[in-house]
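File shown: target-v9.cif. Contents: mmCIF, N, CA and C atoms.
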data_coords
loop_
_atom_site.label_atom_id
_atom_site.label_comp_id
_atom_site.auth_asym_id
_atom_site.auth_seq_id
_atom_site.Cartn_x
_atom_site.Cartn_y
_atom_site.Cartn_z
N MET O 1 113.10 103.83 84.21
CA MET O 1 113.03 102.90 85.32
C MET O 1 112.85 103.61 86.66
N PRO O 2 113.62 104.69 86.96
CA PRO O 2 113.40 105.38 88.23
C PRO O 2 112.01 106.00 88.31
N ARG O 3 111.49 106.46 87.17
CA ARG O 3 110.15 107.05 87.18
C ARG O 3 109.11 105.99 87.52
N GLN O 4 109.28 104.79 86.99
CA GLN O 4 108.34 103.71 87.29
C GLN O 4 108.37 103.38 88.78
N ALA O 5 109.57 103.30 89.32
CA ALA O 5 109.70 103.00 90.75
C ALA O 5 109.07 104.09 91.59
N ALA O 6 109.28 105.34 91.20
CA ALA O 6 108.69 106.46 91.94
C ALA O 6 107.17 106.43 91.85
N ARG O 7 106.65 106.12 90.66
CA ARG O 7 105.21 106.03 90.48
C ARG O 7 104.61 104.90 91.32
N ARG O 8 105.31 103.78 91.33
CA ARG O 8 104.85 102.63 92.10
C ARG O 8 104.86 102.95 93.60
N LEU O 9 105.92 103.60 94.05
CA LEU O 9 106.02 103.98 95.46
C LEU O 9 104.92 104.96 95.82
N ARG O 10 104.69 105.94 94.96
CA ARG O 10 103.65 106.94 95.21
C ARG O 10 102.27 106.29 95.28
N LYS O 11 102.03 105.34 94.40
CA LYS O 11 100.74 104.64 94.40
C LYS O 11 100.60 103.79 95.66
N MET O 12 101.68 103.15 96.06
CA MET O 12 101.64 102.29 97.24
C MET O 12 101.42 103.12 98.51
N LEU O 13 102.07 104.27 98.59
CA LEU O 13 101.97 105.10 99.79
C LEU O 13 100.65 105.84 99.87
N GLY O 14 100.21 106.39 98.79
CA GLY O 14 99.03 107.25 98.82
C GLY O 14 99.37 108.58 99.48
N ARG O 15 98.38 109.42 99.67
CA ARG O 15 98.61 110.74 100.25
C ARG O 15 99.02 110.67 101.71
N ARG O 16 98.31 109.87 102.48
CA ARG O 16 98.62 109.76 103.91
C ARG O 16 99.98 109.13 104.13
N GLY O 17 100.28 108.09 103.37
CA GLY O 17 101.56 107.42 103.51
C GLY O 17 102.72 108.33 103.14
N ALA O 18 102.54 109.11 102.08
CA ALA O 18 103.60 110.05 101.67
C ALA O 18 103.85 111.07 102.78
N PHE O 19 102.77 111.56 103.38
CA PHE O 19 102.90 112.51 104.48
C PHE O 19 103.65 111.87 105.64
N LEU O 20 103.28 110.64 106.01
CA LEU O 20 103.94 109.96 107.11
C LEU O 20 105.42 109.69 106.80
N LEU O 21 105.71 109.33 105.56
CA LEU O 21 107.09 109.07 105.17
C LEU O 21 107.95 110.33 105.32
N ILE O 22 107.45 111.44 104.80
CA ILE O 22 108.18 112.70 104.90
C ILE O 22 108.36 113.11 106.36
N LEU O 23 107.28 113.01 107.11
CA LEU O 23 107.32 113.37 108.53
C LEU O 23 108.27 112.47 109.32
N GLY O 24 108.21 111.17 109.05
CA GLY O 24 109.06 110.22 109.77
C GLY O 24 110.53 110.44 109.49
N ILE O 25 110.86 110.67 108.23
CA ILE O 25 112.26 110.93 107.88
C ILE O 25 112.73 112.22 108.55
N GLY O 26 111.87 113.24 108.55
CA GLY O 26 112.21 114.51 109.18
C GLY O 26 112.45 114.37 110.67
N LYS O 27 111.58 113.65 111.36
CA LYS O 27 111.73 113.47 112.80
C LYS O 27 112.99 112.67 113.13
N THR O 28 113.26 111.65 112.32
CA THR O 28 114.46 110.85 112.53
C THR O 28 115.71 111.71 112.35
N CYS O 29 115.72 112.52 111.31
CA CYS O 29 116.87 113.41 111.06
C CYS O 29 117.01 114.45 112.16
N TRP O 30 115.90 114.98 112.64
CA TRP O 30 115.95 115.97 113.72
C TRP O 30 116.57 115.34 114.96
N GLY O 31 116.16 114.12 115.28
CA GLY O 31 116.73 113.42 116.43
C GLY O 31 118.21 113.16 116.25
N ALA O 32 118.61 112.75 115.05
CA ALA O 32 120.03 112.52 114.77
C ALA O 32 120.81 113.83 114.92
N GLY O 33 120.22 114.93 114.50
CA GLY O 33 120.87 116.23 114.66
C GLY O 33 121.04 116.60 116.13
N LEU O 34 120.06 116.24 116.95
CA LEU O 34 120.18 116.50 118.38
C LEU O 34 121.31 115.68 119.00
N LEU O 35 121.52 114.48 118.47
CA LEU O 35 122.63 113.65 118.96
C LEU O 35 123.98 114.19 118.55
N VAL O 36 124.09 114.56 117.29
CA VAL O 36 125.37 115.00 116.73
C VAL O 36 125.77 116.37 117.26
N ASP O 37 124.83 117.30 117.29
CA ASP O 37 125.12 118.66 117.70
C ASP O 37 123.99 119.17 118.60
N PRO O 38 124.01 118.81 119.89
CA PRO O 38 122.91 119.20 120.78
C PRO O 38 122.77 120.72 120.87
N PRO O 39 121.54 121.21 120.86
CA PRO O 39 121.32 122.66 120.96
C PRO O 39 121.47 123.13 122.41
N SER O 40 121.36 124.41 122.58
CA SER O 40 121.34 124.98 123.93
C SER O 40 120.09 124.47 124.64
N PRO O 41 120.21 124.08 125.87
CA PRO O 41 119.04 123.56 126.59
C PRO O 41 118.09 124.64 127.10
N ASP O 42 118.26 125.88 126.62
CA ASP O 42 117.37 126.96 127.06
C ASP O 42 115.92 126.59 126.78
N GLY O 43 115.11 126.68 127.79
CA GLY O 43 113.70 126.39 127.64
C GLY O 43 113.35 124.91 127.78
N LEU O 44 114.35 124.07 127.87
CA LEU O 44 114.10 122.62 127.95
C LEU O 44 114.46 122.06 129.32
N ARG O 45 114.53 122.91 130.32
CA ARG O 45 114.92 122.47 131.65
C ARG O 45 113.99 121.40 132.21
N LEU O 46 112.70 121.52 131.89
CA LEU O 46 111.74 120.50 132.34
C LEU O 46 112.15 119.12 131.84
N LEU O 47 112.64 119.06 130.60
CA LEU O 47 113.06 117.78 130.02
C LEU O 47 114.43 117.35 130.53
N THR O 48 115.36 118.29 130.60
CA THR O 48 116.72 117.91 130.99
C THR O 48 116.84 117.54 132.46
N ARG O 49 115.84 117.88 133.26
CA ARG O 49 115.83 117.40 134.64
C ARG O 49 115.62 115.89 134.69
N LEU O 50 114.83 115.41 133.74
CA LEU O 50 114.54 113.97 133.70
C LEU O 50 115.66 113.18 133.03
N TRP O 51 116.04 113.62 131.83
CA TRP O 51 117.09 112.95 131.04
C TRP O 51 117.86 114.01 130.28
N GLY O 52 119.02 113.61 129.79
CA GLY O 52 119.81 114.51 128.96
C GLY O 52 119.20 114.64 127.57
N LEU O 53 119.65 115.64 126.83
CA LEU O 53 119.12 115.85 125.47
C LEU O 53 119.39 114.65 124.55
N GLN O 54 120.45 113.89 124.83
CA GLN O 54 120.73 112.72 124.01
C GLN O 54 119.60 111.69 124.13
N HIS O 55 119.06 111.53 125.33
CA HIS O 55 117.93 110.61 125.52
C HIS O 55 116.68 111.11 124.78
N TRP O 56 116.46 112.40 124.84
CA TRP O 56 115.30 112.98 124.15
C TRP O 56 115.49 112.90 122.64
N ALA O 57 116.74 112.93 122.20
CA ALA O 57 117.02 112.76 120.77
C ALA O 57 116.56 111.38 120.32
N TRP O 58 116.78 110.39 121.16
CA TRP O 58 116.35 109.03 120.82
C TRP O 58 114.82 108.92 120.77
N LEU O 59 114.12 109.74 121.54
CA LEU O 59 112.66 109.78 121.43
C LEU O 59 112.26 110.24 120.03
N TRP O 60 112.91 111.32 119.55
CA TRP O 60 112.62 111.80 118.20
C TRP O 60 112.91 110.72 117.17
N ILE O 61 114.04 110.04 117.32
CA ILE O 61 114.43 109.02 116.36
C ILE O 61 113.45 107.85 116.39
N ALA O 62 113.12 107.36 117.57
CA ALA O 62 112.20 106.22 117.68
C ALA O 62 110.83 106.56 117.10
N CYS O 63 110.31 107.74 117.45
CA CYS O 63 109.01 108.15 116.91
C CYS O 63 109.08 108.37 115.40
N GLY O 64 110.21 108.87 114.93
CA GLY O 64 110.39 109.04 113.49
C GLY O 64 110.40 107.72 112.76
N LEU O 65 111.03 106.72 113.34
CA LEU O 65 111.07 105.40 112.70
C LEU O 65 109.69 104.73 112.69
N VAL O 66 108.95 104.88 113.78
CA VAL O 66 107.58 104.34 113.82
C VAL O 66 106.72 105.04 112.77
N THR O 67 106.86 106.35 112.68
CA THR O 67 106.11 107.13 111.69
C THR O 67 106.48 106.70 110.28
N THR O 68 107.76 106.53 110.01
CA THR O 68 108.23 106.11 108.69
C THR O 68 107.68 104.73 108.33
N CYS O 69 107.77 103.80 109.24
CA CYS O 69 107.27 102.44 108.97
C CYS O 69 105.76 102.42 108.77
N SER O 70 105.05 103.27 109.50
CA SER O 70 103.59 103.33 109.37
C SER O 70 103.15 103.85 108.01
N ALA O 71 104.04 104.52 107.32
CA ALA O 71 103.70 105.06 106.00
C ALA O 71 103.34 103.93 105.03
N PHE O 72 103.85 102.75 105.27
CA PHE O 72 103.64 101.63 104.35
C PHE O 72 102.46 100.75 104.75
N LEU O 73 101.73 101.17 105.78
CA LEU O 73 100.55 100.41 106.22
C LEU O 73 99.29 100.95 105.57
N ARG O 74 98.27 100.11 105.57
CA ARG O 74 96.99 100.54 105.00
C ARG O 74 96.33 101.58 105.89
N ILE O 75 95.43 102.33 105.29
CA ILE O 75 94.67 103.33 106.04
C ILE O 75 93.90 102.61 107.14
N GLY O 76 93.89 103.19 108.30
CA GLY O 76 93.26 102.57 109.45
C GLY O 76 94.28 101.87 110.32
N ARG O 77 95.32 101.38 109.69
CA ARG O 77 96.40 100.75 110.45
C ARG O 77 97.57 101.72 110.61
N ASP O 78 97.48 102.87 109.99
CA ASP O 78 98.56 103.85 110.05
C ASP O 78 98.44 104.79 111.25
N TRP O 79 97.48 104.52 112.12
CA TRP O 79 97.23 105.38 113.27
C TRP O 79 98.46 105.50 114.18
N ALA O 80 99.24 104.43 114.30
CA ALA O 80 100.41 104.47 115.17
C ALA O 80 101.43 105.50 114.67
N GLY O 81 101.51 105.66 113.37
CA GLY O 81 102.42 106.66 112.81
C GLY O 81 102.01 108.07 113.18
N PHE O 82 100.71 108.34 113.10
CA PHE O 82 100.24 109.67 113.48
C PHE O 82 100.40 109.90 114.99
N ALA O 83 100.14 108.86 115.78
CA ALA O 83 100.31 108.98 117.23
C ALA O 83 101.78 109.21 117.59
N ALA O 84 102.66 108.44 116.97
CA ALA O 84 104.09 108.59 117.24
C ALA O 84 104.59 109.96 116.78
N ALA O 85 104.06 110.45 115.69
CA ALA O 85 104.49 111.75 115.17
C ALA O 85 104.09 112.88 116.12
N LEU O 86 103.02 112.69 116.87
CA LEU O 86 102.56 113.73 117.80
C LEU O 86 103.39 113.83 119.07
N ILE O 87 104.01 112.75 119.48
CA ILE O 87 104.67 112.72 120.80
C ILE O 87 105.79 113.74 120.94
N PRO O 88 106.84 113.72 120.10
CA PRO O 88 107.94 114.66 120.36
C PRO O 88 107.56 116.14 120.32
N PRO O 89 106.81 116.61 119.31
CA PRO O 89 106.51 118.05 119.33
C PRO O 89 105.59 118.44 120.48
N THR O 90 104.74 117.53 120.92
CA THR O 90 103.88 117.82 122.06
C THR O 90 104.73 117.95 123.33
N VAL O 91 105.67 117.04 123.51
CA VAL O 91 106.57 117.10 124.66
C VAL O 91 107.38 118.39 124.64
N TRP O 92 107.89 118.75 123.49
CA TRP O 92 108.68 119.98 123.37
C TRP O 92 107.81 121.21 123.65
N ALA O 93 106.59 121.23 123.13
CA ALA O 93 105.69 122.37 123.37
C ALA O 93 105.38 122.51 124.86
N ILE O 94 105.17 121.39 125.53
CA ILE O 94 104.91 121.44 126.97
C ILE O 94 106.12 121.98 127.71
N ALA O 95 107.31 121.53 127.32
CA ALA O 95 108.53 121.98 128.00
C ALA O 95 108.73 123.49 127.82
N TYR O 96 108.53 123.97 126.60
CA TYR O 96 108.71 125.41 126.36
C TYR O 96 107.63 126.22 127.06
N THR O 97 106.41 125.72 127.12
CA THR O 97 105.35 126.43 127.83
C THR O 97 105.66 126.49 129.32
N ALA O 98 106.15 125.39 129.87
CA ALA O 98 106.53 125.37 131.29
C ALA O 98 107.66 126.36 131.56
N ALA O 99 108.59 126.49 130.62
CA ALA O 99 109.70 127.43 130.78
C ALA O 99 109.20 128.88 130.79
N VAL O 100 108.17 129.15 129.99
CA VAL O 100 107.59 130.50 129.97
C VAL O 100 106.86 130.77 131.28
N VAL O 101 106.04 129.83 131.71
CA VAL O 101 105.26 130.01 132.94
C VAL O 101 106.17 130.19 134.15
N SER O 102 107.28 129.46 134.18
CA SER O 102 108.20 129.56 135.32
C SER O 102 109.13 130.76 135.22
N GLY O 103 109.10 131.45 134.08
CA GLY O 103 109.94 132.63 133.89
C GLY O 103 111.37 132.32 133.49
N GLN O 104 111.67 131.09 133.12
CA GLN O 104 113.03 130.70 132.75
C GLN O 104 113.39 131.05 131.32
N TYR O 105 112.40 131.11 130.44
CA TYR O 105 112.70 131.30 129.01
C TYR O 105 111.52 131.99 128.35
N SER O 106 111.52 133.30 128.34
CA SER O 106 110.37 134.06 127.83
C SER O 106 110.13 133.83 126.34
N ARG O 107 111.16 133.58 125.59
CA ARG O 107 111.02 133.34 124.15
C ARG O 107 110.32 131.99 123.87
N GLY O 108 110.24 131.15 124.87
CA GLY O 108 109.66 129.82 124.71
C GLY O 108 108.22 129.82 124.25
N ILE O 109 107.47 130.88 124.50
CA ILE O 109 106.08 130.91 124.06
C ILE O 109 105.98 130.85 122.55
N TYR O 110 106.90 131.50 121.87
CA TYR O 110 106.88 131.48 120.41
C TYR O 110 107.26 130.11 119.87
N VAL O 111 108.21 129.49 120.52
CA VAL O 111 108.63 128.15 120.10
C VAL O 111 107.50 127.15 120.38
N ALA O 112 106.85 127.28 121.53
CA ALA O 112 105.74 126.38 121.87
C ALA O 112 104.60 126.53 120.86
N ILE O 113 104.26 127.76 120.51
CA ILE O 113 103.20 127.98 119.53
C ILE O 113 103.60 127.42 118.18
N TRP O 114 104.87 127.56 117.83
CA TRP O 114 105.36 127.01 116.56
C TRP O 114 105.21 125.49 116.54
N TYR O 115 105.59 124.82 117.62
CA TYR O 115 105.43 123.36 117.68
C TYR O 115 103.95 122.97 117.63
N LEU O 116 103.12 123.71 118.34
CA LEU O 116 101.69 123.37 118.39
C LEU O 116 100.99 123.58 117.06
N THR O 117 101.41 124.58 116.31
CA THR O 117 100.73 124.84 115.03
C THR O 117 101.36 124.08 113.87
N SER O 118 102.65 124.27 113.68
CA SER O 118 103.28 123.68 112.49
C SER O 118 103.58 122.20 112.64
N HIS O 119 103.51 121.67 113.81
CA HIS O 119 103.72 120.24 114.01
C HIS O 119 102.43 119.55 114.45
N VAL O 120 102.02 119.82 115.67
CA VAL O 120 100.86 119.13 116.23
C VAL O 120 99.61 119.41 115.41
N GLY O 121 99.35 120.66 115.09
CA GLY O 121 98.15 121.00 114.32
C GLY O 121 98.12 120.36 112.95
N VAL O 122 99.25 120.40 112.27
CA VAL O 122 99.32 119.82 110.92
C VAL O 122 99.15 118.30 110.98
N ILE O 123 99.74 117.66 111.97
CA ILE O 123 99.62 116.20 112.10
C ILE O 123 98.17 115.82 112.40
N LEU O 124 97.53 116.55 113.31
CA LEU O 124 96.12 116.26 113.61
C LEU O 124 95.25 116.46 112.38
N TRP O 125 95.52 117.51 111.62
CA TRP O 125 94.75 117.74 110.39
C TRP O 125 94.98 116.60 109.40
N ALA O 126 96.24 116.24 109.17
CA ALA O 126 96.56 115.21 108.18
C ALA O 126 95.98 113.85 108.57
N ALA O 127 95.85 113.60 109.85
CA ALA O 127 95.28 112.32 110.30
C ALA O 127 93.81 112.21 109.93
N THR O 128 93.15 113.34 109.70
CA THR O 128 91.72 113.30 109.36
C THR O 128 91.46 113.36 107.86
N VAL O 129 92.52 113.61 107.09
CA VAL O 129 92.35 113.72 105.64
C VAL O 129 92.12 112.33 105.05
N PRO O 130 91.05 112.16 104.29
CA PRO O 130 90.84 110.85 103.67
C PRO O 130 91.87 110.61 102.57
N GLU O 131 92.10 109.36 102.28
CA GLU O 131 93.09 109.03 101.25
C GLU O 131 92.71 109.64 99.91
N TYR O 132 91.47 109.50 99.55
CA TYR O 132 91.01 110.05 98.28
C TYR O 132 89.79 110.89 98.55
N SER O 133 89.88 112.14 98.25
CA SER O 133 88.72 113.02 98.40
C SER O 133 88.40 113.57 97.01
N VAL O 134 87.53 112.89 96.37
CA VAL O 134 87.15 113.27 95.02
C VAL O 134 85.91 114.14 95.12
N PRO O 135 85.91 115.28 94.43
CA PRO O 135 84.71 116.12 94.50
C PRO O 135 83.51 115.41 93.88
N ARG O 136 82.37 115.74 94.41
CA ARG O 136 81.14 115.13 93.89
C ARG O 136 80.94 115.51 92.44
N VAL O 137 80.45 114.58 91.69
CA VAL O 137 80.15 114.83 90.28
C VAL O 137 78.86 115.64 90.22
N PRO O 138 78.89 116.77 89.53
CA PRO O 138 77.67 117.57 89.46
C PRO O 138 76.62 116.81 88.65
N ARG O 139 75.43 116.88 89.13
CA ARG O 139 74.33 116.22 88.43
C ARG O 139 73.91 117.10 87.25
N PRO O 140 73.70 116.46 86.14
CA PRO O 140 73.23 117.26 85.00
C PRO O 140 71.82 117.81 85.29
N ALA O 141 71.56 118.96 84.74
CA ALA O 141 70.25 119.56 84.95
C ALA O 141 69.18 118.65 84.37
N ARG O 142 68.13 118.48 85.13
CA ARG O 142 67.05 117.63 84.65
C ARG O 142 66.17 118.42 83.70
N ARG O 143 65.75 117.72 82.72
CA ARG O 143 64.84 118.39 81.79
C ARG O 143 63.46 118.48 82.41
N GLY O 144 63.00 119.65 82.47
CA GLY O 144 61.67 119.84 83.03
C GLY O 144 60.64 119.89 81.92
N LYS O 145 59.43 119.67 82.30
CA LYS O 145 58.34 119.75 81.32
C LYS O 145 57.91 121.20 81.24
N ALA O 146 57.85 121.66 80.04
CA ALA O 146 57.39 123.03 79.82
C ALA O 146 55.91 123.09 80.07
N ALA O 147 55.50 124.14 80.70
CA ALA O 147 54.06 124.27 80.99
C ALA O 147 53.32 124.92 79.86
#
As structure tokens, the full file:
Amino acid sequence: MPRQAARRLRKMLGRRGAFLLILGIGKTCWGAGLLVDPPSPDGLRLLTRLWGLQHWAWLWIACGLVTTCSAFLRIGRDWAGFAAALIPPTVWAIAYTAAVVSGQYSRGIYVAIWYLTSHVGVILWAATVPEYSVPRVPRPARRGKAA
């Protein structure tokens, strides 16, 4: 019975939906972690000037929930999930880059690159992946006429 349910869920989600579901749950959990045990604000001064880390945690949670819910939508309608998934890591990358440029947090360049590649880059790539990419069927060799 659990295998049937898992198979049905996998079929319903497809590749893009599964990616959005995993990403959405991860972002929601990351935001919850920021609420429960806020990290050091090193490198995030640009953000903490506007709001506290608890407010930014809610951004992660809200975007994670939108991403999770979008996993169950049809292709073409799931764009909001990919857009929502891009917001928090982009904001964090900008904050860490600003901290490096201003000289407040030199290590921030590595964190910014990490967010830009392992988050933003992967999300942008996954948004372009078609649901089903089946390789072309090779054409059988045509019989030629012998000369």
Enumerate, as a list in words, the residues matched when the PyMOL selection byres ((chain O and resi 71) around 6) is run on the file above.
->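 Residues picked by the PyMOL selection byres ((chain O and resi 71) around 6): Leu13, Arg16, Gly17, Ala18, Leu20, Leu21, Thr67, Thr68, Cys69, Ser70, Phe72 and Leu73 of chain O.
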Report the distance between atom CA of Met12 of chain O and atom CA of Trp60 of chain O in Å, rounded to one decimal place.
-> 25.5 Å
Which residues match the PyMOL selection byres ((chain O and resi 82-99) around 6.5) in the file above, as a short mmCIF file (atom, residue, chain, number, x, y, z; two decimals) with N, CA and C atoms, in the coordinates of the input?
data_model
loop_
_atom_site.label_atom_id
_atom_site.label_comp_id
_atom_site.auth_asym_id
_atom_site.auth_seq_id
_atom_site.Cartn_x
_atom_site.Cartn_y
_atom_site.Cartn_z
N GLY O 43 115.11 126.68 127.79
CA GLY O 43 113.70 126.39 127.64
C GLY O 43 113.35 124.91 127.78
N LEU O 44 114.35 124.07 127.87
CA LEU O 44 114.10 122.62 127.95
C LEU O 44 114.46 122.06 129.32
N ARG O 45 114.53 122.91 130.32
CA ARG O 45 114.92 122.47 131.65
C ARG O 45 113.99 121.40 132.21
N LEU O 46 112.70 121.52 131.89
CA LEU O 46 111.74 120.50 132.34
C LEU O 46 112.15 119.12 131.84
N LEU O 47 112.64 119.06 130.60
CA LEU O 47 113.06 117.78 130.02
C LEU O 47 114.43 117.35 130.53
N LEU O 59 114.12 109.74 121.54
CA LEU O 59 112.66 109.78 121.43
C LEU O 59 112.26 110.24 120.03
N TRP O 60 112.91 111.32 119.55
CA TRP O 60 112.62 111.80 118.20
C TRP O 60 112.91 110.72 117.17
N CYS O 63 110.31 107.74 117.45
CA CYS O 63 109.01 108.15 116.91
C CYS O 63 109.08 108.37 115.40
N GLY O 64 110.21 108.87 114.93
CA GLY O 64 110.39 109.04 113.49
C GLY O 64 110.40 107.72 112.76
N VAL O 66 108.95 104.88 113.78
CA VAL O 66 107.58 104.34 113.82
C VAL O 66 106.72 105.04 112.77
N THR O 67 106.86 106.35 112.68
CA THR O 67 106.11 107.13 111.69
C THR O 67 106.48 106.70 110.28
N ASP O 78 97.48 102.87 109.99
CA ASP O 78 98.56 103.85 110.05
C ASP O 78 98.44 104.79 111.25
N TRP O 79 97.48 104.52 112.12
CA TRP O 79 97.23 105.38 113.27
C TRP O 79 98.46 105.50 114.18
N ALA O 80 99.24 104.43 114.30
CA ALA O 80 100.41 104.47 115.17
C ALA O 80 101.43 105.50 114.67
N GLY O 81 101.51 105.66 113.37
CA GLY O 81 102.42 106.66 112.81
C GLY O 81 102.01 108.07 113.18
N VAL O 100 108.17 129.15 129.99
CA VAL O 100 107.59 130.50 129.97
C VAL O 100 106.86 130.77 131.28
N VAL O 101 106.04 129.83 131.71
CA VAL O 101 105.26 130.01 132.94
C VAL O 101 106.17 130.19 134.15
N SER O 102 107.28 129.46 134.18
CA SER O 102 108.20 129.56 135.32
C SER O 102 109.13 130.76 135.22
N GLY O 103 109.10 131.45 134.08
CA GLY O 103 109.94 132.63 133.89
C GLY O 103 111.37 132.32 133.49
N GLN O 104 111.67 131.09 133.12
CA GLN O 104 113.03 130.70 132.75
C GLN O 104 113.39 131.05 131.32
N TYR O 105 112.40 131.11 130.44
CA TYR O 105 112.70 131.30 129.01
C TYR O 105 111.52 131.99 128.35
N SER O 106 111.52 133.30 128.34
CA SER O 106 110.37 134.06 127.83
C SER O 106 110.13 133.83 126.34
N GLY O 108 110.24 131.15 124.87
CA GLY O 108 109.66 129.82 124.71
C GLY O 108 108.22 129.82 124.25
N ILE O 109 107.47 130.88 124.50
CA ILE O 109 106.08 130.91 124.06
C ILE O 109 105.98 130.85 122.55
N VAL O 111 108.21 129.49 120.52
CA VAL O 111 108.63 128.15 120.10
C VAL O 111 107.50 127.15 120.38
N ALA O 112 106.85 127.28 121.53
CA ALA O 112 105.74 126.38 121.87
C ALA O 112 104.60 126.53 120.86
N ILE O 113 104.26 127.76 120.51
CA ILE O 113 103.20 127.98 119.53
C ILE O 113 103.60 127.42 118.18
N TYR O 115 105.59 124.82 117.62
CA TYR O 115 105.43 123.36 117.68
C TYR O 115 103.95 122.97 117.63
N LEU O 116 103.12 123.71 118.34
CA LEU O 116 101.69 123.37 118.39
C LEU O 116 100.99 123.58 117.06
N HIS O 119 103.51 121.67 113.81
CA HIS O 119 103.72 120.24 114.01
C HIS O 119 102.43 119.55 114.45
N VAL O 120 102.02 119.82 115.67
CA VAL O 120 100.86 119.13 116.23
C VAL O 120 99.61 119.41 115.41
N ALA O 127 95.85 113.60 109.85
CA ALA O 127 95.28 112.32 110.30
C ALA O 127 93.81 112.21 109.93
#
Could you state the separation of atom N of Glu131 of chain O and atom CA of Gly31 of chain O in Å, given to one decimal place?
-> 28.7 Å
One decimal place gives the atom N of Leu9 of chain O-atom CA of Ile22 of chain O separation as 14.3 Å
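When only N, CA and C atoms are used to measure the gap to Ala62 of chain O, the shortest distance among O:Arg74, O:Arg15, O:Arg49, O:Lys27 belongs to O:Lys27.
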Would you please extract all helix (DSSP H, G or I) residues from chain O, as assigned by DSSP on the backbone, and give them as a PyMOL selection string?
-> chain O and resi 2-36+45-50+53-70+79-101+108-128
Find the spatial neighbours of Pro38 of chain O, counting all atoms listed in the file, within a cut-off of 8 Å - ignore same-chain residues fewer than 6 positions away - and output them as a PyMOL selection string.
-> chain O and resi 32+53-54
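Counting all atoms listed in the file and comparing O:Ile61, O:Tyr110, O:Val129, O:Ile75, the residue that lies closest to Gly24 of chain O is O:Ile61.
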Since the input lacks atoms, please generate all heavy atoms for segment 117-122 of chain O and provide them as a CSV table (one decimal), in the frame of the given file.
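The resulting file, out00.csv, is shown below:
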chain,number,residue,atom,x,y,z
O,117,THR,N,101.4,124.6,116.3
O,117,THR,CA,100.7,124.8,115.0
O,117,THR,C,101.4,124.1,113.9
O,117,THR,O,100.7,123.3,113.2
O,117,THR,CB,100.7,126.3,114.7
O,117,THR,OG1,102.1,126.8,114.7
O,117,THR,CG2,99.9,127.1,115.7
O,118,SER,N,102.6,124.3,113.7
O,118,SER,CA,103.3,123.7,112.5
O,118,SER,C,103.6,122.2,112.6
O,118,SER,O,103.9,121.5,111.6
O,118,SER,CB,104.6,124.4,112.2
O,118,SER,OG,105.5,124.2,113.1
O,119,HIS,N,103.5,121.7,113.8
O,119,HIS,CA,103.7,120.2,114.0
O,119,HIS,C,102.4,119.6,114.4
O,119,HIS,O,101.8,118.8,113.7
O,119,HIS,CB,104.8,120.0,115.0
O,119,HIS,CG,106.2,120.4,114.5
O,119,HIS,ND1,106.9,119.6,113.8
O,119,HIS,CD2,106.9,121.5,114.7
O,119,HIS,CE1,108.1,120.1,113.5
O,119,HIS,NE2,108.1,121.3,114.0
O,120,VAL,N,102.0,119.8,115.7
O,120,VAL,CA,100.9,119.1,116.2
O,120,VAL,C,99.6,119.4,115.4
O,120,VAL,O,98.9,118.5,115.0
O,120,VAL,CB,100.7,119.5,117.7
O,120,VAL,CG1,99.4,118.9,118.3
O,120,VAL,CG2,101.9,119.1,118.5
O,121,GLY,N,99.4,120.7,115.1
O,121,GLY,CA,98.2,121.0,114.3
O,121,GLY,C,98.1,120.4,113.0
O,121,GLY,O,97.1,119.8,112.5
O,122,VAL,N,99.2,120.4,112.3
O,122,VAL,CA,99.3,119.8,110.9
O,122,VAL,C,99.2,118.3,111.0
O,122,VAL,O,98.5,117.7,110.1
O,122,VAL,CB,100.6,120.2,110.2
O,122,VAL,CG1,100.8,119.4,108.9
O,122,VAL,CG2,100.7,121.7,110.0
